[in-house]
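Asker: Below is entry-v8.pdb; it holds PDB, C-alpha atoms, pLDDT in the B column.
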```pdb
ATOM      1  CA  MET T   1    -120.181-122.656   6.390  1.00 58.00           C
ATOM      2  CA  LYS T   2    -119.140-120.751   3.255  1.00 56.00           C
ATOM      3  CA  ARG T   3    -122.005-122.339   1.325  1.00 62.00           C
ATOM      4  CA  ILE T   4    -124.566-121.191   3.916  1.00 58.00           C
ATOM      5  CA  LEU T   5    -123.105-117.679   4.013  1.00 51.00           C
ATOM      6  CA  GLY T   6    -123.108-117.539   0.209  1.00 50.00           C
ATOM      7  CA  THR T   7    -126.741-118.619   0.103  1.00 55.00           C
ATOM      8  CA  ILE T   8    -127.705-115.913   2.584  1.00 52.00           C
ATOM      9  CA  VAL T   9    -125.845-113.216   0.609  1.00 44.00           C
ATOM     10  CA  ILE T  10    -127.462-114.289  -2.676  1.00 49.00           C
ATOM     11  CA  GLY T  11    -130.858-114.378  -0.943  1.00 53.00           C
ATOM     12  CA  LEU T  12    -130.399-110.840   0.316  1.00 44.00           C
ATOM     13  CA  LEU T  13    -129.361-109.607  -3.126  1.00 41.00           C
ATOM     14  CA  LEU T  14    -132.317-111.297  -4.794  1.00 47.00           C
ATOM     15  CA  SER T  15    -134.796-110.058  -2.191  1.00 51.00           C
ATOM     16  CA  GLY T  16    -134.646-106.636  -3.826  1.00 49.00           C
ATOM     17  CA  CYS T  17    -135.880-108.256  -7.062  1.00 57.00           C
ATOM     18  CA  ILE T  18    -138.872-110.060  -5.553  1.00 66.00           C
ATOM     19  CA  PRO T  19    -142.213-108.381  -6.313  1.00 78.00           C
ATOM     20  CA  LYS T  20    -143.912-106.945  -3.248  1.00 87.00           C
ATOM     21  CA  VAL T  21    -147.358-105.982  -2.039  1.00 90.00           C
ATOM     22  CA  THR T  22    -147.392-102.715  -0.103  1.00 89.00           C
ATOM     23  CA  PRO T  23    -150.275-102.461   2.384  1.00 89.00           C
ATOM     24  CA  THR T  24    -152.216 -99.204   1.948  1.00 89.00           C
ATOM     25  CA  GLY T  25    -154.924 -99.568   4.606  1.00 90.00           C
ATOM     26  CA  GLY T  26    -153.029 -97.829   7.412  1.00 90.00           C
ATOM     27  CA  THR T  27    -152.636 -98.975  10.978  1.00 90.00           C
ATOM     28  CA  PHE T  28    -155.108-100.884  13.120  1.00 90.00           C
ATOM     29  CA  SER T  29    -157.762 -98.565  14.530  1.00 86.00           C
ATOM     30  CA  GLY T  30    -160.022-100.979  16.431  1.00 80.00           C
ATOM     31  CA  LEU T  31    -163.230 -99.476  15.071  1.00 82.00           C
ATOM     32  CA  LYS T  32    -166.527-100.965  16.204  1.00 88.00           C
ATOM     33  CA  ILE T  33    -168.029-103.758  14.164  1.00 90.00           C
ATOM     34  CA  GLU T  34    -171.127-102.839  12.162  1.00 87.00           C
ATOM     35  CA  PRO T  35    -174.320-104.053  13.891  1.00 87.00           C
ATOM     36  CA  ASP T  36    -175.140-107.708  13.133  1.00 88.00           C
ATOM     37  CA  LYS T  37    -171.745-108.302  11.495  1.00 94.00           C
ATOM     38  CA  SER T  38    -168.644-110.217  12.508  1.00 95.00           C
ATOM     39  CA  ARG T  39    -164.969-109.395  11.961  1.00 95.00           C
ATOM     40  CA  ILE T  40    -162.105-111.586  10.830  1.00 96.00           C
ATOM     41  CA  ILE T  41    -158.555-110.360  11.461  1.00 97.00           C
ATOM     42  CA  ILE T  42    -155.628-112.327  10.040  1.00 97.00           C
ATOM     43  CA  LEU T  43    -152.111-111.194  10.913  1.00 96.00           C
ATOM     44  CA  ARG T  44    -148.714-112.281   9.693  1.00 95.00           C
ATOM     45  CA  LYS T  45    -145.471-111.447  11.493  1.00 92.00           C
ATOM     46  CA  GLY T  46    -142.924-112.995   9.149  1.00 82.00           C
ATOM     47  CA  GLY T  47    -139.451-113.293  10.593  1.00 70.00           C
ATOM     48  CA  SER T  48    -137.920-116.175   8.637  1.00 68.00           C
ATOM     49  CA  LEU T  49    -136.221-116.488   5.257  1.00 67.00           C
ATOM     50  CA  ILE T  50    -139.582-117.408   3.775  1.00 72.00           C
ATOM     51  CA  SER T  51    -141.100-114.122   4.997  1.00 73.00           C
ATOM     52  CA  LEU T  52    -140.413-112.598   1.573  1.00 82.00           C
ATOM     53  CA  ASP T  53    -143.023-114.932   0.083  1.00 89.00           C
ATOM     54  CA  THR T  54    -146.549-113.495  -0.232  1.00 93.00           C
ATOM     55  CA  PRO T  55    -149.524-115.858  -0.349  1.00 94.00           C
ATOM     56  CA  ALA T  56    -153.058-115.291  -1.579  1.00 96.00           C
ATOM     57  CA  VAL T  57    -155.555-115.479   1.273  1.00 97.00           C
ATOM     58  CA  ASN T  58    -159.131-116.258   0.283  1.00 97.00           C
ATOM     59  CA  ILE T  59    -162.060-115.916   2.660  1.00 97.00           C
ATOM     60  CA  ASN T  60    -164.977-118.035   1.414  1.00 95.00           C
ATOM     61  CA  GLY T  61    -168.428-118.246   2.969  1.00 91.00           C
ATOM     62  CA  ASN T  62    -171.539-116.038   3.031  1.00 85.00           C
ATOM     63  CA  THR T  63    -169.322-113.397   1.466  1.00 82.00           C
ATOM     64  CA  SER T  64    -166.027-114.029  -0.330  1.00 89.00           C
ATOM     65  CA  SER T  65    -162.890-111.964  -0.734  1.00 95.00           C
ATOM     66  CA  SER T  66    -159.234-112.355  -1.681  1.00 95.00           C
ATOM     67  CA  TYR T  67    -156.067-110.652  -0.432  1.00 97.00           C
ATOM     68  CA  PHE T  68    -152.292-110.870  -0.747  1.00 96.00           C
ATOM     69  CA  LEU T  69    -150.713-111.016   2.738  1.00 95.00           C
ATOM     70  CA  PRO T  70    -147.065-109.928   3.062  1.00 94.00           C
ATOM     71  CA  SER T  71    -145.126-110.107   6.335  1.00 93.00           C
ATOM     72  CA  LYS T  72    -145.818-107.528   9.031  1.00 94.00           C
ATOM     73  CA  ALA T  73    -149.330-106.925   7.739  1.00 96.00           C
ATOM     74  CA  PHE T  74    -152.911-107.823   8.584  1.00 97.00           C
ATOM     75  CA  ILE T  75    -156.280-108.359   6.930  1.00 97.00           C
ATOM     76  CA  GLN T  76    -159.468-106.996   8.482  1.00 96.00           C
ATOM     77  CA  GLU T  77    -162.719-108.182   6.926  1.00 95.00           C
ATOM     78  CA  ASP T  78    -166.216-107.503   8.254  1.00 94.00           C
ATOM     79  CA  VAL T  79    -168.518-110.364   7.276  1.00 95.00           C
ATOM     80  CA  ILE T  80    -172.011-111.708   7.799  1.00 95.00           C
ATOM     81  CA  ALA T  81    -172.028-114.155  10.699  1.00 94.00           C
ATOM     82  CA  GLY T  82    -171.601-117.774   9.611  1.00 95.00           C
ATOM     83  CA  MET T  83    -169.119-120.485   8.604  1.00 96.00           C
ATOM     84  CA  TYR T  84    -166.045-119.446   6.572  1.00 97.00           C
ATOM     85  CA  VAL T  85    -163.133-121.300   5.037  1.00 97.00           C
ATOM     86  CA  LEU T  86    -159.847-119.394   4.890  1.00 97.00           C
ATOM     87  CA  GLU T  87    -157.445-120.663   2.230  1.00 97.00           C
ATOM     88  CA  VAL T  88    -153.782-119.727   1.968  1.00 96.00           C
ATOM     89  CA  LYS T  89    -152.186-120.650  -1.337  1.00 95.00           C
ATOM     90  CA  LYS T  90    -149.871-119.651  -4.160  1.00 94.00           C
ATOM     91  CA  PRO T  91    -151.066-116.494  -5.930  1.00 94.00           C
ATOM     92  CA  VAL T  92    -152.245-117.098  -9.502  1.00 91.00           C
ATOM     93  CA  GLY T  93    -151.642-114.594 -12.292  1.00 90.00           C
ATOM     94  CA  THR T  94    -149.084-112.549 -10.342  1.00 90.00           C
ATOM     95  CA  PRO T  95    -145.290-112.563 -10.049  1.00 90.00           C
ATOM     96  CA  LEU T  96    -145.617-113.230  -6.289  1.00 91.00           C
ATOM     97  CA  VAL T  97    -143.974-116.303  -4.758  1.00 88.00           C
ATOM     98  CA  TRP T  98    -145.433-118.755  -2.207  1.00 90.00           C
ATOM     99  CA  ARG T  99    -143.420-121.973  -1.989  1.00 86.00           C
ATOM    100  CA  LEU T 100    -145.595-123.738   0.560  1.00 88.00           C
ATOM    101  CA  ASP T 101    -148.462-126.162   0.114  1.00 90.00           C
ATOM    102  CA  PRO T 102    -151.974-124.721   0.297  1.00 94.00           C
ATOM    103  CA  ILE T 103    -153.547-124.727   3.762  1.00 95.00           C
ATOM    104  CA  SER T 104    -157.018-123.919   5.031  1.00 95.00           C
ATOM    105  CA  ILE T 105    -158.990-123.512   8.227  1.00 96.00           C
ATOM    106  CA  GLU T 106    -162.720-123.433   8.937  1.00 97.00           C
ATOM    107  CA  ILE T 107    -163.957-120.775  11.345  1.00 96.00           C
ATOM    108  CA  VAL T 108    -167.292-119.667  12.677  1.00 96.00           C
ATOM    109  CA  ALA T 109    -167.792-115.913  12.622  1.00 95.00           C
ATOM    110  CA  LYS T 110    -170.252-114.994  15.389  1.00 95.00           C
ATOM    111  CA  LYS T 111    -172.422-111.892  15.307  1.00 95.00           C
ATOM    112  CA  ASN T 112    -170.764-108.831  16.915  1.00 94.00           C
ATOM    113  CA  LYS T 113    -167.542-110.802  17.615  1.00 95.00           C
ATOM    114  CA  THR T 114    -164.026-110.773  16.163  1.00 96.00           C
ATOM    115  CA  VAL T 115    -162.055-113.887  15.226  1.00 97.00           C
ATOM    116  CA  TYR T 116    -158.273-113.383  15.385  1.00 97.00           C
ATOM    117  CA  LEU T 117    -155.992-115.629  13.335  1.00 98.00           C
ATOM    118  CA  GLU T 118    -152.269-115.735  12.650  1.00 97.00           C
ATOM    119  CA  LEU T 119    -150.521-117.069   9.568  1.00 95.00           C
ATOM    120  CA  THR T 120    -147.028-118.344  10.313  1.00 92.00           C
ATOM    121  CA  ALA T 121    -144.523-119.635   7.802  1.00 88.00           C
ATOM    122  CA  THR T 122    -141.194-121.111   8.829  1.00 83.00           C
ATOM    123  CA  SER T 123    -138.175-122.330   6.975  1.00 77.00           C
ATOM    124  CA  ILE T 124    -135.438-124.448   8.522  1.00 78.00           C
ATOM    125  CA  GLY T 125    -132.993-125.538   5.848  1.00 74.00           C
ATOM    126  CA  TYR T 126    -134.992-127.389   3.217  1.00 75.00           C
ATOM    127  CA  VAL T 127    -137.989-127.899   5.492  1.00 76.00           C
ATOM    128  CA  HIS T 128    -140.741-125.306   5.003  1.00 79.00           C
ATOM    129  CA  SER T 129    -144.099-125.203   6.740  1.00 85.00           C
ATOM    130  CA  ALA T 130    -147.055-122.897   7.214  1.00 89.00           C
ATOM    131  CA  LYS T 131    -150.062-122.871   9.483  1.00 93.00           C
ATOM    132  CA  ILE T 132    -153.014-120.630  10.206  1.00 95.00           C
ATOM    133  CA  GLU T 133    -154.626-120.789  13.615  1.00 96.00           C
ATOM    134  CA  VAL T 134    -156.966-118.913  15.950  1.00 96.00           C
ATOM    135  CA  ILE T 135    -155.044-116.795  18.452  1.00 97.00           C
ATOM    136  CA  ASP T 136    -155.739-115.001  21.718  1.00 96.00           C
ATOM    137  CA  GLU T 137    -157.331-111.535  21.468  1.00 96.00           C
ATOM    138  CA  ALA T 138    -154.820-109.824  23.806  1.00 96.00           C
ATOM    139  CA  TYR T 139    -151.844-111.196  21.839  1.00 96.00           C
ATOM    140  CA  ALA T 140    -153.477-110.232  18.526  1.00 96.00           C
ATOM    141  CA  LEU T 141    -154.267-106.659  19.600  1.00 95.00           C
ATOM    142  CA  GLU T 142    -150.734-106.143  20.934  1.00 95.00           C
ATOM    143  CA  THR T 143    -149.157-107.529  17.755  1.00 94.00           C
ATOM    144  CA  VAL T 144    -151.426-105.971  15.133  1.00 95.00           C
ATOM    145  CA  LYS T 145    -150.845-102.389  16.301  1.00 93.00           C
ATOM    146  CA  ASN T 146    -147.360-102.507  14.706  1.00 92.00           C
ATOM    147  CA  PHE T 147    -148.605-103.739  11.306  1.00 95.00           C
ATOM    148  CA  GLN T 148    -150.155-102.178   8.207  1.00 96.00           C
ATOM    149  CA  ARG T 149    -153.567-103.216   6.891  1.00 96.00           C
ATOM    150  CA  VAL T 150    -153.778-104.932   3.502  1.00 96.00           C
ATOM    151  CA  LEU T 151    -156.749-104.006   1.349  1.00 96.00           C
ATOM    152  CA  ARG T 152    -158.313-106.170  -1.378  1.00 95.00           C
ATOM    153  CA  SER T 153    -157.095-103.589  -3.879  1.00 94.00           C
ATOM    154  CA  ASP T 154    -153.409-103.929  -2.845  1.00 93.00           C
ATOM    155  CA  LYS T 155    -151.651-105.692  -5.712  1.00 91.00           C
ATOM    156  CA  PRO T 156    -147.988-106.347  -6.576  1.00 89.00           C
TER     157      PRO T 156
END
```
Just dump the structure as structure tokens.
Answerer:
Amino acid sequence: MKRILGTIVIGLLLSGCIPKVTPTGGTFSGLKIEPDKSRIIILRKGGSLISLDTPAVNINGNTSSSYFLPSKAFIQEDVIAGMYVLEVKKPVGTPLVWRLDPISIEIVAKKNKTVYLELTATSIGYVHSAKIEVIDEAYALETVKNFQRVLRSDKP
């Protein structure tokens, strides 16, 4: 028990030393999608010891972009309709930490529609896992209103 408590205390002390990405895009506003475009929204709640980690999220397809996604934040990207691959992986060339294996998901962005996804990362002892999956619109809109938007320009 003392070992676990000691680990938690050290983790809390070190968390102040971990580089962070501060979202600067403001809150979710639900603006209309540009005509003939599609929207991808990726949110991340956090909530575990691994929530301090910040992955790189790449959106690859007809258009490509890259973000850093901290906990309690979201990405909103308007794209040309088509097939996209979203990759979540360790950031390169930054002091940010992401201890999980890379993951990806293929999505189809349909014209004038929004695709909602959630990135979850969990840590139970020495077992860490992450997944990204399509989520329900009502759940996404309720959750995202409490988060800050990450812009491509937001760096550690």
Asker: Select, counting all atoms listed in the file, all protein, DNA and RNA residues no farther than 6 Å from (-150.7, -114.0, 4.0) in file coordinates, and express the selection as a PyMOL selection string.
Answerer: chain T and resi 54-55+57+68-70
Asker: For the point (-149.2, -122.6, -0.1) in the file's frame, write as a ChimeraX atom specification all residues with an atom no more than 12 Å away, counting all atoms listed in the file.
Answerer: /T:50,53-58,87-92,96-104,119-121,128-132
Asker: Hey, what's within 7 Å of region 76-83 of chain T if we count all atoms listed in the file and toss same-chain stuff fewer than 4 positions away? As number ranges by chain, please?
Answerer: T: 37-42, 61-63, 107-111
Asker: Between CA of Val127 (chain T) and CA of Gly46 (chain T), what is the distance, to one decimal in Å?
Answerer: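 Going from CA of Val127 (chain T) over to CA of Gly46 (chain T) covers 16.1 Å.
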Asker: Please return the centre and edge lengths, in Å to one decimal, of a box with edges along x, y and z that contains all listed atoms of region 103-113 of chain T, widened by 4 Å on every side, as JSON.
Answerer:
```
{"center_x": -163.0, "center_y": -116.8, "center_z": 10.7, "size_x": 26.9, "size_y": 23.9, "size_z": 21.9}
```
Asker: Which residue, T:Thr143, T:Asp154, T:Tyr116, T:Glu106, has the smallest gap to Thr27 (chain T) when you use only C-alpha atoms?
Answerer: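 Of all the options, T:Thr143 lies closest to Thr27 (chain T).
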Asker: Which distance in Å separates CA of Ile75 (chain T) and CA of Leu151 (chain T), to one decimal?
Answerer: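 Here the two named atoms are 7.1 Å from each other.
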Asker: Can you work out which one of T:Glu118, T:Leu52, T:Tyr139, T:Ser153 has the shortest atom-to-atom distance to Pro19 (chain T), counting only C-alpha atoms?
Answerer: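 Among the listed residues, T:Leu52 lies closest to Pro19 (chain T).
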Asker: Which value, in Å to one decimal, gives the distance between CA of Val134 (chain T) and CA of Ala73 (chain T)?
Answerer: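 Here the two named atoms are 16.4 Å from each other.
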Asker: Enumerate, as a list in words, the residues matched when the PyMOL selection byres ((chain T and resi 21) around 6) is run on the file above.
Answerer: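 Applying the expression gives Lys20, Thr22, Lys155 and Pro156 of chain T.
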Asker: Excluding Ser29 (chain T) and its own-chain neighbours fewer than 6 positions away, which residues fall within 12 Å of it when counting only C-alpha atoms? Please give them as an MDAnalysis selection string.
Answerer: chainID T and resid 76 141 144:149
Asker: Rank T:Tyr84, T:Val150, T:Arg44, T:Tyr67 by their smallest atom-to-atom distance to Val115 (chain T), using all atoms listed in the file, and report the top residue only.
Answerer: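 Using all atoms listed in the file, Val115 (chain T) sits closest to T:Tyr84.
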Asker: Output region 43-63 of chain T from the block with N, CA, C and O atoms, as a PDB file, in the first residue's frame?
Answerer:
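Final output, decode.pdb:
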```pdb
ATOM      1  N   LEU T  43     -12.822  14.013 -29.628  1.00  0.00           N
ATOM      2  CA  LEU T  43     -12.732  14.519 -28.257  1.00  0.00           C
ATOM      3  C   LEU T  43     -11.983  13.532 -27.377  1.00  0.00           C
ATOM      4  O   LEU T  43     -11.884  12.355 -27.688  1.00  0.00           O
ATOM      5  N   ARG T  44     -11.446  14.084 -26.303  1.00  0.00           N
ATOM      6  CA  ARG T  44     -10.692  13.265 -25.345  1.00  0.00           C
ATOM      7  C   ARG T  44     -10.991  13.743 -23.936  1.00  0.00           C
ATOM      8  O   ARG T  44     -10.666  14.877 -23.581  1.00  0.00           O
ATOM      9  N   LYS T  45     -11.602  12.867 -23.132  1.00  0.00           N
ATOM     10  CA  LYS T  45     -11.955  13.221 -21.760  1.00  0.00           C
ATOM     11  C   LYS T  45     -10.761  13.141 -20.819  1.00  0.00           C
ATOM     12  O   LYS T  45     -10.584  14.011 -19.993  1.00  0.00           O
ATOM     13  N   GLY T  46      -9.976  12.099 -20.916  1.00  0.00           N
ATOM     14  CA  GLY T  46      -8.910  11.889 -19.936  1.00  0.00           C
ATOM     15  C   GLY T  46      -9.463  11.104 -18.770  1.00  0.00           C
ATOM     16  O   GLY T  46     -10.278  10.218 -18.945  1.00  0.00           O
ATOM     17  N   GLY T  47      -9.006  11.418 -17.567  1.00  0.00           N
ATOM     18  CA  GLY T  47      -9.570  10.799 -16.385  1.00  0.00           C
ATOM     19  C   GLY T  47      -8.794   9.649 -15.791  1.00  0.00           C
ATOM     20  O   GLY T  47      -9.228   9.057 -14.826  1.00  0.00           O
ATOM     21  N   SER T  48      -7.644   9.279 -16.339  1.00  0.00           N
ATOM     22  CA  SER T  48      -6.839   8.233 -15.721  1.00  0.00           C
ATOM     23  C   SER T  48      -5.429   8.784 -15.506  1.00  0.00           C
ATOM     24  O   SER T  48      -5.126   9.908 -15.890  1.00  0.00           O
ATOM     25  N   LEU T  49      -4.567   7.986 -14.900  1.00  0.00           N
ATOM     26  CA  LEU T  49      -3.198   8.439 -14.668  1.00  0.00           C
ATOM     27  C   LEU T  49      -2.486   8.760 -15.975  1.00  0.00           C
ATOM     28  O   LEU T  49      -1.586   9.587 -16.022  1.00  0.00           O
ATOM     29  N   ILE T  50      -2.889   8.125 -17.044  1.00  0.00           N
ATOM     30  CA  ILE T  50      -2.247   8.345 -18.333  1.00  0.00           C
ATOM     31  C   ILE T  50      -2.791   9.596 -19.032  1.00  0.00           C
ATOM     32  O   ILE T  50      -2.340   9.975 -20.097  1.00  0.00           O
ATOM     33  N   SER T  51      -3.756  10.284 -18.410  1.00  0.00           N
ATOM     34  CA  SER T  51      -4.345  11.460 -19.030  1.00  0.00           C
ATOM     35  C   SER T  51      -3.349  12.606 -19.191  1.00  0.00           C
ATOM     36  O   SER T  51      -3.589  13.531 -19.955  1.00  0.00           O
ATOM     37  N   LEU T  52      -2.227  12.551 -18.484  1.00  0.00           N
ATOM     38  CA  LEU T  52      -1.210  13.590 -18.642  1.00  0.00           C
ATOM     39  C   LEU T  52      -0.459  13.447 -19.960  1.00  0.00           C
ATOM     40  O   LEU T  52       0.137  14.394 -20.439  1.00  0.00           O
ATOM     41  N   ASP T  53      -0.491  12.251 -20.543  1.00  0.00           N
ATOM     42  CA  ASP T  53       0.165  12.028 -21.829  1.00  0.00           C
ATOM     43  C   ASP T  53      -0.607  12.766 -22.932  1.00  0.00           C
ATOM     44  O   ASP T  53      -1.826  12.884 -22.871  1.00  0.00           O
ATOM     45  N   THR T  54       0.122  13.245 -23.931  1.00  0.00           N
ATOM     46  CA  THR T  54      -0.490  13.977 -25.049  1.00  0.00           C
ATOM     47  C   THR T  54       0.000  13.388 -26.363  1.00  0.00           C
ATOM     48  O   THR T  54       1.164  13.543 -26.713  1.00  0.00           O
ATOM     49  N   PRO T  55      -0.909  12.733 -27.107  1.00  0.00           N
ATOM     50  CA  PRO T  55      -0.501  12.135 -28.374  1.00  0.00           C
ATOM     51  C   PRO T  55      -0.572  13.119 -29.533  1.00  0.00           C
ATOM     52  O   PRO T  55      -1.218  14.171 -29.437  1.00  0.00           O
ATOM     53  N   ALA T  56       0.075  12.753 -30.626  1.00  0.00           N
ATOM     54  CA  ALA T  56      -0.111  13.446 -31.903  1.00  0.00           C
ATOM     55  C   ALA T  56      -1.271  12.744 -32.595  1.00  0.00           C
ATOM     56  O   ALA T  56      -1.345  11.519 -32.605  1.00  0.00           O
ATOM     57  N   VAL T  57      -2.180  13.524 -33.145  1.00  0.00           N
ATOM     58  CA  VAL T  57      -3.303  12.984 -33.904  1.00  0.00           C
ATOM     59  C   VAL T  57      -3.180  13.497 -35.325  1.00  0.00           C
ATOM     60  O   VAL T  57      -3.193  14.709 -35.551  1.00  0.00           O
ATOM     61  N   ASN T  58      -3.020  12.581 -36.262  1.00  0.00           N
ATOM     62  CA  ASN T  58      -2.894  12.949 -37.673  1.00  0.00           C
ATOM     63  C   ASN T  58      -4.150  12.531 -38.409  1.00  0.00           C
ATOM     64  O   ASN T  58      -4.642  11.417 -38.232  1.00  0.00           O
ATOM     65  N   ILE T  59      -4.661  13.433 -39.229  1.00  0.00           N
ATOM     66  CA  ILE T  59      -5.813  13.164 -40.076  1.00  0.00           C
ATOM     67  C   ILE T  59      -5.288  13.131 -41.503  1.00  0.00           C
ATOM     68  O   ILE T  59      -4.816  14.146 -42.012  1.00  0.00           O
ATOM     69  N   ASN T  60      -5.329  11.967 -42.140  1.00  0.00           N
ATOM     70  CA  ASN T  60      -4.774  11.798 -43.483  1.00  0.00           C
ATOM     71  C   ASN T  60      -5.864  11.365 -44.451  1.00  0.00           C
ATOM     72  O   ASN T  60      -6.607  10.432 -44.172  1.00  0.00           O
ATOM     73  N   GLY T  61      -5.920  12.053 -45.590  1.00  0.00           N
ATOM     74  CA  GLY T  61      -6.898  11.734 -46.622  1.00  0.00           C
ATOM     75  C   GLY T  61      -6.810  12.757 -47.726  1.00  0.00           C
ATOM     76  O   GLY T  61      -5.710  13.136 -48.144  1.00  0.00           O
ATOM     77  N   ASN T  62      -7.974  13.245 -48.207  1.00  0.00           N
ATOM     78  CA  ASN T  62      -7.983  14.285 -49.243  1.00  0.00           C
ATOM     79  C   ASN T  62      -7.230  15.527 -48.787  1.00  0.00           C
ATOM     80  O   ASN T  62      -6.609  16.218 -49.570  1.00  0.00           O
ATOM     81  N   THR T  63      -7.344  15.820 -47.507  1.00  0.00           N
ATOM     82  CA  THR T  63      -6.554  16.870 -46.875  1.00  0.00           C
ATOM     83  C   THR T  63      -5.876  16.219 -45.676  1.00  0.00           C
ATOM     84  O   THR T  63      -6.349  15.214 -45.175  1.00  0.00           O
TER      85      THR T  63
END
```
